[in-house]
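Asks: File target07.cif below, mmCIF, N, CA and C atoms and all ligand atoms:
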```cif
data_structure
loop_
_atom_site.group_PDB
_atom_site.id
_atom_site.type_symbol
_atom_site.label_atom_id
_atom_site.label_comp_id
_atom_site.auth_asym_id
_atom_site.auth_seq_id
_atom_site.Cartn_x
_atom_site.Cartn_y
_atom_site.Cartn_z
ATOM 1 N N MET A 1 -58.219 -234.460 -104.700
ATOM 2 C CA MET A 1 -58.368 -235.337 -105.852
ATOM 3 C C MET A 1 -58.723 -236.746 -105.382
ATOM 4 N N SER A 2 -59.668 -237.372 -106.063
ATOM 5 C CA SER A 2 -60.075 -238.701 -105.611
ATOM 6 C C SER A 2 -59.091 -239.754 -106.120
ATOM 7 N N GLN A 3 -58.951 -240.776 -105.322
ATOM 8 C CA GLN A 3 -58.095 -241.903 -105.706
ATOM 9 C C GLN A 3 -58.929 -243.171 -105.613
ATOM 10 N N LEU A 4 -59.500 -243.542 -106.768
ATOM 11 C CA LEU A 4 -60.393 -244.694 -106.784
ATOM 12 C C LEU A 4 -59.593 -245.983 -106.939
ATOM 13 N N VAL A 5 -59.934 -246.948 -106.113
ATOM 14 C CA VAL A 5 -59.269 -248.244 -106.159
ATOM 15 C C VAL A 5 -60.329 -249.326 -106.305
ATOM 16 N N ARG A 6 -60.116 -250.246 -107.229
ATOM 17 C CA ARG A 6 -61.051 -251.355 -107.392
ATOM 18 C C ARG A 6 -60.863 -252.327 -106.242
ATOM 19 N N ALA A 7 -61.959 -252.589 -105.528
ATOM 20 C CA ALA A 7 -61.864 -253.443 -104.351
ATOM 21 C C ALA A 7 -62.326 -254.871 -104.629
ATOM 22 N N CYS A 8 -63.429 -255.020 -105.354
ATOM 23 C CA CYS A 8 -63.941 -256.359 -105.642
ATOM 24 C C CYS A 8 -65.091 -256.241 -106.624
ATOM 25 N N GLY A 9 -65.560 -257.380 -107.102
ATOM 26 C CA GLY A 9 -66.758 -257.399 -107.932
ATOM 27 C C GLY A 9 -67.992 -257.267 -107.056
ATOM 28 N N THR A 10 -69.067 -256.705 -107.606
ATOM 29 C CA THR A 10 -70.287 -256.555 -106.804
ATOM 30 C C THR A 10 -70.872 -257.914 -106.412
ATOM 31 N N ASP A 11 -70.514 -258.956 -107.167
ATOM 32 C CA ASP A 11 -71.055 -260.281 -106.846
ATOM 33 C C ASP A 11 -70.181 -261.035 -105.848
ATOM 34 N N GLU A 12 -69.148 -260.381 -105.332
ATOM 35 C CA GLU A 12 -68.263 -261.057 -104.376
ATOM 36 C C GLU A 12 -68.697 -260.877 -102.925
ATOM 37 N N ILE A 13 -69.665 -259.987 -102.676
ATOM 38 C CA ILE A 13 -70.179 -259.814 -101.307
ATOM 39 C C ILE A 13 -71.691 -259.966 -101.332
ATOM 40 N N GLU A 14 -72.187 -260.926 -100.607
ATOM 41 C CA GLU A 14 -73.640 -261.084 -100.462
ATOM 42 C C GLU A 14 -74.181 -259.931 -99.617
ATOM 43 N N GLU A 15 -75.503 -259.688 -99.713
ATOM 44 C CA GLU A 15 -76.113 -258.683 -98.832
ATOM 45 C C GLU A 15 -75.921 -259.086 -97.378
ATOM 46 N N GLU A 16 -75.640 -258.065 -96.547
ATOM 47 C CA GLU A 16 -75.359 -258.243 -95.110
ATOM 48 C C GLU A 16 -74.145 -259.148 -94.885
ATOM 49 N N GLU A 17 -73.142 -258.933 -95.761
ATOM 50 C CA GLU A 17 -71.860 -259.610 -95.576
ATOM 51 C C GLU A 17 -70.768 -258.545 -95.559
ATOM 52 N N VAL A 18 -69.600 -258.941 -95.047
ATOM 53 C CA VAL A 18 -68.436 -258.054 -95.019
ATOM 54 C C VAL A 18 -67.273 -258.777 -95.670
ATOM 55 N N LEU A 19 -66.391 -258.000 -96.298
ATOM 56 C CA LEU A 19 -65.228 -258.568 -96.978
ATOM 57 C C LEU A 19 -64.004 -257.710 -96.668
ATOM 58 N N ARG A 20 -62.916 -258.375 -96.343
ATOM 59 C CA ARG A 20 -61.658 -257.652 -96.128
ATOM 60 C C ARG A 20 -61.038 -257.292 -97.464
ATOM 61 N N PHE A 21 -60.429 -256.102 -97.528
ATOM 62 C CA PHE A 21 -59.719 -255.676 -98.735
ATOM 63 C C PHE A 21 -58.433 -254.981 -98.305
ATOM 64 N N ASP A 22 -57.306 -255.456 -98.811
ATOM 65 C CA ASP A 22 -55.996 -254.871 -98.480
ATOM 66 C C ASP A 22 -55.433 -254.178 -99.705
ATOM 67 N N HIS A 23 -54.844 -253.019 -99.481
ATOM 68 C CA HIS A 23 -54.294 -252.261 -100.605
ATOM 69 C C HIS A 23 -53.099 -251.428 -100.134
ATOM 70 N N GLU A 24 -51.938 -251.723 -100.690
ATOM 71 C CA GLU A 24 -50.714 -250.964 -100.431
ATOM 72 C C GLU A 24 -50.493 -250.678 -98.945
ATOM 73 N N GLY A 25 -50.569 -251.705 -98.148
ATOM 74 C CA GLY A 25 -50.270 -251.575 -96.722
ATOM 75 C C GLY A 25 -51.429 -251.089 -95.874
ATOM 76 N N ASN A 26 -52.553 -250.763 -96.508
ATOM 77 C CA ASN A 26 -53.736 -250.374 -95.748
ATOM 78 C C ASN A 26 -54.777 -251.475 -95.844
ATOM 79 N N THR A 27 -55.642 -251.508 -94.861
ATOM 80 C CA THR A 27 -56.659 -252.554 -94.878
ATOM 81 C C THR A 27 -58.039 -251.954 -94.627
ATOM 82 N N PHE A 28 -59.011 -252.491 -95.319
ATOM 83 C CA PHE A 28 -60.362 -251.950 -95.328
ATOM 84 C C PHE A 28 -61.369 -253.070 -95.108
ATOM 85 N N ALA A 29 -62.594 -252.663 -94.811
ATOM 86 C CA ALA A 29 -63.708 -253.611 -94.769
ATOM 87 C C ALA A 29 -64.795 -253.069 -95.688
ATOM 88 N N LEU A 30 -65.321 -253.964 -96.522
ATOM 89 C CA LEU A 30 -66.375 -253.605 -97.478
ATOM 90 C C LEU A 30 -67.656 -254.296 -97.061
ATOM 91 N N TYR A 31 -68.756 -253.593 -97.229
ATOM 92 C CA TYR A 31 -70.049 -254.113 -96.783
ATOM 93 C C TYR A 31 -71.065 -253.994 -97.905
ATOM 94 N N HIS A 32 -71.949 -254.969 -97.961
ATOM 95 C CA HIS A 32 -73.085 -254.916 -98.878
ATOM 96 C C HIS A 32 -74.325 -254.820 -97.991
ATOM 97 N N GLY A 33 -74.906 -253.633 -97.944
ATOM 98 C CA GLY A 33 -76.011 -253.386 -97.020
ATOM 99 C C GLY A 33 -77.315 -254.017 -97.467
ATOM 100 N N PRO A 34 -78.269 -254.118 -96.526
ATOM 101 C CA PRO A 34 -79.589 -254.642 -96.861
ATOM 102 C C PRO A 34 -80.367 -253.715 -97.793
ATOM 103 N N ASP A 35 -79.869 -252.481 -98.001
ATOM 104 C CA ASP A 35 -80.488 -251.561 -98.962
ATOM 105 C C ASP A 35 -79.927 -251.766 -100.375
ATOM 106 N N GLY A 36 -79.002 -252.737 -100.526
ATOM 107 C CA GLY A 36 -78.415 -253.013 -101.832
ATOM 108 C C GLY A 36 -77.184 -252.175 -102.130
ATOM 109 N N ASN A 37 -76.882 -251.197 -101.275
ATOM 110 C CA ASN A 37 -75.707 -250.345 -101.493
ATOM 111 C C ASN A 37 -74.462 -250.957 -100.857
ATOM 112 N N PHE A 38 -73.314 -250.470 -101.337
ATOM 113 C CA PHE A 38 -72.030 -250.933 -100.809
ATOM 114 C C PHE A 38 -71.405 -249.808 -99.975
ATOM 115 N N TYR A 39 -70.652 -250.206 -98.966
ATOM 116 C CA TYR A 39 -70.033 -249.257 -98.042
ATOM 117 C C TYR A 39 -68.610 -249.726 -97.741
ATOM 118 N N ALA A 40 -67.771 -248.785 -97.304
ATOM 119 C CA ALA A 40 -66.394 -249.144 -96.959
ATOM 120 C C ALA A 40 -65.951 -248.389 -95.719
ATOM 121 N N THR A 41 -65.197 -249.074 -94.871
ATOM 122 C CA THR A 41 -64.604 -248.447 -93.685
ATOM 123 C C THR A 41 -63.160 -248.924 -93.555
ATOM 124 N N ASP A 42 -62.446 -248.296 -92.610
ATOM 125 C CA ASP A 42 -61.158 -248.851 -92.217
ATOM 126 C C ASP A 42 -61.377 -250.294 -91.775
ATOM 127 N N GLY A 43 -60.360 -251.121 -91.988
ATOM 128 C CA GLY A 43 -60.509 -252.522 -91.638
ATOM 129 C C GLY A 43 -60.436 -252.784 -90.148
ATOM 130 N N TYR A 44 -59.603 -251.998 -89.451
ATOM 131 C CA TYR A 44 -59.387 -252.293 -88.038
ATOM 132 C C TYR A 44 -60.377 -251.572 -87.136
ATOM 133 N N CYS A 45 -60.891 -252.311 -86.195
ATOM 134 C CA CYS A 45 -61.722 -251.745 -85.131
ATOM 135 C C CYS A 45 -60.936 -250.674 -84.392
ATOM 136 N N THR A 46 -61.580 -249.586 -84.038
ATOM 137 C CA THR A 46 -60.892 -248.485 -83.342
ATOM 138 C C THR A 46 -60.644 -248.809 -81.873
ATOM 139 N N HIS A 47 -61.167 -249.918 -81.378
ATOM 140 C CA HIS A 47 -60.952 -250.260 -79.968
ATOM 141 C C HIS A 47 -59.598 -250.935 -79.769
ATOM 142 N N ALA A 48 -59.382 -252.083 -80.385
ATOM 143 C CA ALA A 48 -58.114 -252.788 -80.185
ATOM 144 C C ALA A 48 -57.658 -253.506 -81.446
ATOM 145 N N LYS A 49 -58.059 -252.945 -82.584
ATOM 146 C CA LYS A 49 -57.492 -253.352 -83.872
ATOM 147 C C LYS A 49 -57.812 -254.772 -84.316
ATOM 148 N N ALA A 50 -58.913 -255.341 -83.875
ATOM 149 C CA ALA A 50 -59.355 -256.588 -84.513
ATOM 150 C C ALA A 50 -59.821 -256.225 -85.916
ATOM 151 N N HIS A 51 -59.762 -257.189 -86.829
ATOM 152 C CA HIS A 51 -60.191 -256.857 -88.189
ATOM 153 C C HIS A 51 -61.696 -257.064 -88.345
ATOM 154 N N LEU A 52 -62.357 -256.009 -88.799
ATOM 155 C CA LEU A 52 -63.818 -256.056 -88.920
ATOM 156 C C LEU A 52 -64.264 -256.963 -90.059
ATOM 157 N N GLY A 53 -63.331 -257.304 -90.937
ATOM 158 C CA GLY A 53 -63.648 -258.272 -91.984
ATOM 159 C C GLY A 53 -63.983 -259.647 -91.411
ATOM 160 N N ASP A 54 -63.603 -259.871 -90.158
ATOM 161 C CA ASP A 54 -63.942 -261.125 -89.473
ATOM 162 C C ASP A 54 -65.189 -260.974 -88.605
ATOM 163 N N GLY A 55 -65.796 -259.802 -88.666
ATOM 164 C CA GLY A 55 -66.957 -259.539 -87.815
ATOM 165 C C GLY A 55 -68.255 -260.007 -88.452
ATOM 166 N N ILE A 56 -69.335 -259.665 -87.772
ATOM 167 C CA ILE A 56 -70.665 -260.105 -88.219
ATOM 168 C C ILE A 56 -71.517 -258.885 -88.533
ATOM 169 N N VAL A 57 -72.141 -258.910 -89.719
ATOM 170 C CA VAL A 57 -73.013 -257.809 -90.136
ATOM 171 C C VAL A 57 -74.446 -258.105 -89.701
ATOM 172 N N ASP A 58 -75.067 -257.101 -89.093
ATOM 173 C CA ASP A 58 -76.480 -257.183 -88.756
ATOM 174 C C ASP A 58 -77.120 -255.893 -89.259
ATOM 175 N N GLU A 59 -77.878 -256.006 -90.328
ATOM 176 C CA GLU A 59 -78.439 -254.835 -91.002
ATOM 177 C C GLU A 59 -77.329 -253.846 -91.337
ATOM 178 N N PHE A 60 -77.316 -252.652 -90.673
ATOM 179 C CA PHE A 60 -76.288 -251.659 -91.000
ATOM 180 C C PHE A 60 -75.196 -251.587 -89.941
ATOM 181 N N GLU A 61 -75.107 -252.625 -89.121
ATOM 182 C CA GLU A 61 -74.079 -252.641 -88.086
ATOM 183 C C GLU A 61 -73.065 -253.732 -88.357
ATOM 184 N N ILE A 62 -71.816 -253.419 -88.009
ATOM 185 C CA ILE A 62 -70.775 -254.449 -88.008
ATOM 186 C C ILE A 62 -70.373 -254.696 -86.560
ATOM 187 N N GLU A 63 -70.423 -255.965 -86.160
ATOM 188 C CA GLU A 63 -70.029 -256.334 -84.805
ATOM 189 C C GLU A 63 -68.602 -256.839 -84.835
ATOM 190 N N CYS A 64 -67.767 -256.242 -84.000
ATOM 191 C CA CYS A 64 -66.355 -256.612 -83.938
ATOM 192 C C CYS A 64 -66.207 -258.038 -83.396
ATOM 193 N N PRO A 65 -65.311 -258.836 -84.003
ATOM 194 C CA PRO A 65 -65.169 -260.229 -83.561
ATOM 195 C C PRO A 65 -64.451 -260.390 -82.226
ATOM 196 N N LEU A 66 -63.766 -259.329 -81.745
ATOM 197 C CA LEU A 66 -62.941 -259.516 -80.547
ATOM 198 C C LEU A 66 -63.701 -259.242 -79.244
ATOM 199 N N HIS A 67 -64.248 -258.037 -79.101
ATOM 200 C CA HIS A 67 -64.964 -257.707 -77.852
ATOM 201 C C HIS A 67 -66.428 -257.355 -78.116
ATOM 202 N N PHE A 68 -66.866 -257.572 -79.347
ATOM 203 C CA PHE A 68 -68.283 -257.421 -79.704
ATOM 204 C C PHE A 68 -68.806 -255.990 -79.626
ATOM 205 N N GLY A 69 -67.882 -255.026 -79.690
ATOM 206 C CA GLY A 69 -68.328 -253.651 -79.935
ATOM 207 C C GLY A 69 -68.924 -253.592 -81.332
ATOM 208 N N ALA A 70 -69.630 -252.497 -81.636
ATOM 209 C CA ALA A 70 -70.241 -252.418 -82.962
ATOM 210 C C ALA A 70 -70.214 -250.988 -83.493
ATOM 211 N N PHE A 71 -70.326 -250.893 -84.825
ATOM 212 C CA PHE A 71 -70.336 -249.612 -85.532
ATOM 213 C C PHE A 71 -71.451 -249.625 -86.573
ATOM 214 N N ASP A 72 -71.970 -248.442 -86.858
ATOM 215 C CA ASP A 72 -72.817 -248.267 -88.039
ATOM 216 C C ASP A 72 -71.850 -248.049 -89.202
ATOM 217 N N TYR A 73 -71.787 -248.984 -90.126
ATOM 218 C CA TYR A 73 -70.765 -248.890 -91.189
ATOM 219 C C TYR A 73 -71.113 -247.849 -92.239
ATOM 220 N N ARG A 74 -72.341 -247.270 -92.174
ATOM 221 C CA ARG A 74 -72.667 -246.182 -93.105
ATOM 222 C C ARG A 74 -72.011 -244.883 -92.673
ATOM 223 N N THR A 75 -71.952 -244.668 -91.363
ATOM 224 C CA THR A 75 -71.444 -243.396 -90.823
ATOM 225 C C THR A 75 -70.122 -243.553 -90.090
ATOM 226 N N GLY A 76 -69.815 -244.782 -89.657
ATOM 227 C CA GLY A 76 -68.637 -245.032 -88.845
ATOM 228 C C GLY A 76 -68.886 -244.822 -87.357
ATOM 229 N N ASP A 77 -70.095 -244.403 -86.977
ATOM 230 C CA ASP A 77 -70.381 -244.153 -85.561
ATOM 231 C C ASP A 77 -70.291 -245.440 -84.749
ATOM 232 N N ALA A 78 -69.646 -245.335 -83.587
ATOM 233 C CA ALA A 78 -69.611 -246.468 -82.667
ATOM 234 C C ALA A 78 -70.992 -246.583 -82.020
ATOM 235 N N THR A 79 -71.567 -247.778 -82.014
ATOM 236 C CA THR A 79 -72.929 -247.955 -81.510
ATOM 237 C C THR A 79 -73.005 -248.856 -80.282
ATOM 238 N N VAL A 80 -72.005 -249.716 -80.096
ATOM 239 C CA VAL A 80 -72.006 -250.618 -78.940
ATOM 240 C C VAL A 80 -70.618 -250.613 -78.313
ATOM 241 N N ALA A 81 -70.544 -250.405 -76.981
ATOM 242 C CA ALA A 81 -69.275 -250.452 -76.259
ATOM 243 C C ALA A 81 -68.732 -251.881 -76.279
ATOM 244 N N PRO A 82 -67.411 -252.057 -76.153
ATOM 245 C CA PRO A 82 -66.413 -251.041 -75.818
ATOM 246 C C PRO A 82 -65.956 -250.177 -77.000
ATOM 247 N N ALA A 83 -66.501 -250.361 -78.179
ATOM 248 C CA ALA A 83 -66.145 -249.445 -79.275
ATOM 249 C C ALA A 83 -66.700 -248.060 -78.921
ATOM 250 N N CYS A 84 -65.863 -247.038 -78.981
ATOM 251 C CA CYS A 84 -66.368 -245.700 -78.667
ATOM 252 C C CYS A 84 -65.813 -244.654 -79.627
ATOM 253 N N GLN A 85 -64.744 -244.976 -80.325
ATOM 254 C CA GLN A 85 -64.172 -244.031 -81.294
ATOM 255 C C GLN A 85 -64.706 -244.321 -82.676
ATOM 256 N N LYS A 86 -65.031 -243.260 -83.383
ATOM 257 C CA LYS A 86 -65.597 -243.390 -84.715
ATOM 258 C C LYS A 86 -64.643 -244.110 -85.677
ATOM 259 N N LEU A 87 -65.240 -244.855 -86.589
ATOM 260 C CA LEU A 87 -64.492 -245.582 -87.618
ATOM 261 C C LEU A 87 -64.470 -244.723 -88.876
ATOM 262 N N LYS A 88 -63.337 -244.673 -89.560
ATOM 263 C CA LYS A 88 -63.270 -243.882 -90.797
ATOM 264 C C LYS A 88 -64.043 -244.601 -91.909
ATOM 265 N N THR A 89 -64.817 -243.838 -92.647
ATOM 266 C CA THR A 89 -65.564 -244.394 -93.778
ATOM 267 C C THR A 89 -65.011 -243.820 -95.080
ATOM 268 N N TYR A 90 -65.279 -244.504 -96.172
ATOM 269 C CA TYR A 90 -64.775 -244.099 -97.489
ATOM 270 C C TYR A 90 -65.912 -244.099 -98.501
ATOM 271 N N PRO A 91 -65.923 -243.122 -99.419
ATOM 272 C CA PRO A 91 -66.939 -243.127 -100.476
ATOM 273 C C PRO A 91 -66.756 -244.330 -101.389
ATOM 274 N N VAL A 92 -67.866 -244.862 -101.820
ATOM 275 C CA VAL A 92 -67.870 -246.041 -102.692
ATOM 276 C C VAL A 92 -68.596 -245.701 -103.982
ATOM 277 N N SER A 93 -68.101 -246.207 -105.091
ATOM 278 C CA SER A 93 -68.850 -246.091 -106.339
ATOM 279 C C SER A 93 -68.817 -247.443 -107.054
ATOM 280 N N ILE A 94 -69.822 -247.644 -107.883
ATOM 281 C CA ILE A 94 -69.935 -248.893 -108.628
ATOM 282 C C ILE A 94 -69.708 -248.583 -110.101
ATOM 283 N N GLN A 95 -68.794 -249.317 -110.703
ATOM 284 C CA GLN A 95 -68.535 -249.135 -112.137
ATOM 285 C C GLN A 95 -68.372 -250.502 -112.779
ATOM 286 N N GLU A 96 -69.180 -250.748 -113.782
ATOM 287 C CA GLU A 96 -69.074 -251.985 -114.562
ATOM 288 C C GLU A 96 -68.974 -253.219 -113.679
ATOM 289 N N GLY A 97 -69.883 -253.312 -112.721
ATOM 290 C CA GLY A 97 -69.961 -254.513 -111.898
ATOM 291 C C GLY A 97 -68.876 -254.653 -110.855
ATOM 292 N N ALA A 98 -68.161 -253.563 -110.589
ATOM 293 C CA ALA A 98 -67.111 -253.635 -109.578
ATOM 294 C C ALA A 98 -67.304 -252.522 -108.542
ATOM 295 N N VAL A 99 -66.801 -252.791 -107.335
ATOM 296 C CA VAL A 99 -66.884 -251.837 -106.233
ATOM 297 C C VAL A 99 -65.560 -251.087 -106.147
ATOM 298 N N PHE A 100 -65.627 -249.758 -106.251
ATOM 299 C CA PHE A 100 -64.432 -248.917 -106.130
ATOM 300 C C PHE A 100 -64.550 -248.096 -104.855
ATOM 301 N N ILE A 101 -63.439 -247.946 -104.136
ATOM 302 C CA ILE A 101 -63.475 -247.057 -102.986
ATOM 303 C C ILE A 101 -62.499 -245.910 -103.210
ATOM 304 N N ASP A 102 -62.890 -244.760 -102.693
ATOM 305 C CA ASP A 102 -62.075 -243.552 -102.815
ATOM 306 C C ASP A 102 -61.234 -243.444 -101.554
ATOM 307 N N ILE A 103 -59.948 -243.769 -101.673
ATOM 308 C CA ILE A 103 -59.082 -243.819 -100.486
ATOM 309 C C ILE A 103 -58.268 -242.536 -100.325
ATOM 310 N N SER A 104 -58.629 -241.480 -101.066
ATOM 311 C CA SER A 104 -57.838 -240.232 -100.982
ATOM 312 C C SER A 104 -58.061 -239.540 -99.655
HETATM 313 FE FE1 LIG B 1 -63.198 -254.293 -81.501
HETATM 314 FE FE2 LIG B 1 -62.420 -254.472 -78.970
HETATM 315 S S1 LIG B 1 -61.223 -254.770 -80.763
HETATM 316 S S2 LIG B 1 -64.417 -254.039 -79.701
#
```
Please express the file's structure as structure tokens.
Replies:
Amino acid sequence: MSQLVRACGTDEIEEEEVLRFDHEGNTFALYHGPDGNFYATDGYCTHAKAHLGDGIVDEFEIECPLHFGAFDYRTGDATVAPACQKLKTYPVSIQEGAVFIDIS
């Protein structure tokens, strides 16, 4: 069963930006891609738990602020070392101008 949670308004993240979102003790990172779509991943880098909400978006990659590893935020694949473990991704839907993520 899906568990949709409202994360933010679609106008709260510019294209190629990232936003931190915390919900009930969990933390996420939301992205607005250059394709106009929104994406969501776990907030913490799988390398050493820096928060990706503080990272830098370059097209479809998020660069970790701590050791500059990177991930493709569409798939969660690690693309630049020292990041090597996949990042969990979450389905996103848009409803009435807001970004919802399915955290089930
Ligand atoms: Fe992200 Fe090290 S904590 S690359």
Asks: What box, with edges along x, y and z, holds each listed atom of range 12-24 of chain A when 4 Å is added on every side, and can you state its centre and edge lengths in Å to one decimal, as AutoDock Vina command-line options?
Replies:
```
--center_x -63.3 --center_y -255.9 --center_z -100.1 --size_x 33.6 --size_y 18.4 --size_z 18.4
```
Asks: Might you spell out which residues the PyMOL selection byres (((not hetatm)) within 7 of (chain B and resi 1)) would select in the displayed file, as a CSV table (one decimal) with N, CA and C atoms, keeping the file's coordinate frame?
Replies:
```csv
chain,number,residue,atom,x,y,z
A,44,TYR,N,-59.6,-252.0,-89.5
A,44,TYR,CA,-59.4,-252.3,-88.0
A,44,TYR,C,-60.4,-251.6,-87.1
A,45,CYS,N,-60.9,-252.3,-86.2
A,45,CYS,CA,-61.7,-251.7,-85.1
A,45,CYS,C,-60.9,-250.7,-84.4
A,46,THR,N,-61.6,-249.6,-84.0
A,46,THR,CA,-60.9,-248.5,-83.3
A,46,THR,C,-60.6,-248.8,-81.9
A,47,HIS,N,-61.2,-249.9,-81.4
A,47,HIS,CA,-61.0,-250.3,-80.0
A,47,HIS,C,-59.6,-250.9,-79.8
A,48,ALA,N,-59.4,-252.1,-80.4
A,48,ALA,CA,-58.1,-252.8,-80.2
A,48,ALA,C,-57.7,-253.5,-81.4
A,49,LYS,N,-58.1,-252.9,-82.6
A,49,LYS,CA,-57.5,-253.4,-83.9
A,49,LYS,C,-57.8,-254.8,-84.3
A,50,ALA,N,-58.9,-255.3,-83.9
A,50,ALA,CA,-59.4,-256.6,-84.5
A,50,ALA,C,-59.8,-256.2,-85.9
A,51,HIS,N,-59.8,-257.2,-86.8
A,51,HIS,CA,-60.2,-256.9,-88.2
A,51,HIS,C,-61.7,-257.1,-88.3
A,63,GLU,N,-70.4,-256.0,-86.2
A,63,GLU,CA,-70.0,-256.3,-84.8
A,63,GLU,C,-68.6,-256.8,-84.8
A,64,CYS,N,-67.8,-256.2,-84.0
A,64,CYS,CA,-66.4,-256.6,-83.9
A,64,CYS,C,-66.2,-258.0,-83.4
A,65,PRO,N,-65.3,-258.8,-84.0
A,65,PRO,CA,-65.2,-260.2,-83.6
A,65,PRO,C,-64.5,-260.4,-82.2
A,66,LEU,N,-63.8,-259.3,-81.7
A,66,LEU,CA,-62.9,-259.5,-80.5
A,66,LEU,C,-63.7,-259.2,-79.2
A,67,HIS,N,-64.2,-258.0,-79.1
A,67,HIS,CA,-65.0,-257.7,-77.9
A,67,HIS,C,-66.4,-257.4,-78.1
A,68,PHE,N,-66.9,-257.6,-79.3
A,68,PHE,CA,-68.3,-257.4,-79.7
A,68,PHE,C,-68.8,-256.0,-79.6
A,69,GLY,N,-67.9,-255.0,-79.7
A,69,GLY,CA,-68.3,-253.7,-79.9
A,69,GLY,C,-68.9,-253.6,-81.3
A,70,ALA,N,-69.6,-252.5,-81.6
A,70,ALA,CA,-70.2,-252.4,-83.0
A,70,ALA,C,-70.2,-251.0,-83.5
A,81,ALA,N,-70.5,-250.4,-77.0
A,81,ALA,CA,-69.3,-250.5,-76.3
A,81,ALA,C,-68.7,-251.9,-76.3
A,82,PRO,N,-67.4,-252.1,-76.2
A,82,PRO,CA,-66.4,-251.0,-75.8
A,82,PRO,C,-66.0,-250.2,-77.0
A,83,ALA,N,-66.5,-250.4,-78.2
A,83,ALA,CA,-66.1,-249.4,-79.3
A,83,ALA,C,-66.7,-248.1,-78.9
```
Asks: Residues within 12 Å of Ile94 in chain A, please, as a ChimeraX atom specification. Count only C-alpha atoms; anything in the same chain fewer than 3 positions from it doesn't count.
Replies: /A:4-11,32,36-39,91,97-102
Asks: Can you tell me which residues surround Phe60 in chain A at a distance of at most 7 Å, considering only C-alpha atoms, apart from same-chain residues fewer than 4 positions away, and format the answer as a list in words?
Replies: Gly33, Asp72, Tyr73 and Arg74 of chain A
Asks: Can you tell me, as JSON, numbers by chain, which residues in chain A count as strand (DSSP E) by DSSP?
Replies: {"A": [4, 5, 6, 7, 8, 9, 17, 18, 19, 20, 21, 22, 23, 26, 27, 28, 29, 30, 31, 32, 38, 39, 40, 41, 42, 56, 57, 58, 61, 62, 63, 70, 71, 72, 78, 79, 80, 89, 90, 92, 93, 94, 95, 98, 99, 100, 101, 102]}
Asks: Would you compute the distance between atom N of Thr75 in chain A and atom N of Leu87 in chain A? Give it in Å to one decimal.
Replies: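 These two atoms are separated by 8.2 Å.
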Asks: Around (-72.2, -259.1, -90.5) in the file's frame, which residues reach within 10 Å when counting only C-alpha atoms? Return as a list in words?
Replies: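 These residues have at least one counted atom within 10 Å: Glu15, Glu16, Glu17, Val18, Leu19, Tyr31, His32, Gly33, Leu52, Gly53, Asp54, Gly55, Ile56, Val57, Asp58, Glu59, Phe60, Glu61, Ile62, Glu63, Cys64 and Pro65 of chain A.
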Asks: Can you list, as a ChimeraX atom specification, the residues that the PyMOL selection byres (((chain A and resi 23-26 and name CA) around 9) and not hetatm and name CA) selects here?
Replies: /A:5,7,21-22,27-28,42-43
Asks: Can you list every residue in chain A that DSSP puts in helix (DSSP H, G or I), as a ChimeraX atom specification?
Replies: /A:10-12,52-54
Asks: From the list A:Gln3, A:Arg20, A:Val80, A:Glu14, which residue is nearest Val92 in chain A when using only C-alpha atoms?
Replies: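 Using only C-alpha atoms, the shortest distance to Val92 in chain A belongs to A:Gln3.
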Asks: Hey, can you check how far CA of Pro34 in chain A sits from CA of Ile103 in chain A?
Replies: 23.5 Å
Asks: Could you check how far CA of Ser93 in chain A sits from CA of Ala78 in chain A, in Å to one decimal?
Replies: 23.7 Å
Asks: So, with only C-alpha atoms as the atoms that count, which of A:Ser104, A:Gln95, A:Thr89, A:Thr79 lies closest to Ala40 in chain A?
Replies: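 Going through A:Ser104, A:Gln95, A:Thr89, A:Thr79 one by one, the smallest distance to Ala40 in chain A is for A:Thr89.
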Asks: With distances taken over only C-alpha atoms, which of A:Ser2, A:Tyr90, A:Phe71, A:Glu96 is nearest to Leu30 in chain A?
Replies: A:Tyr90
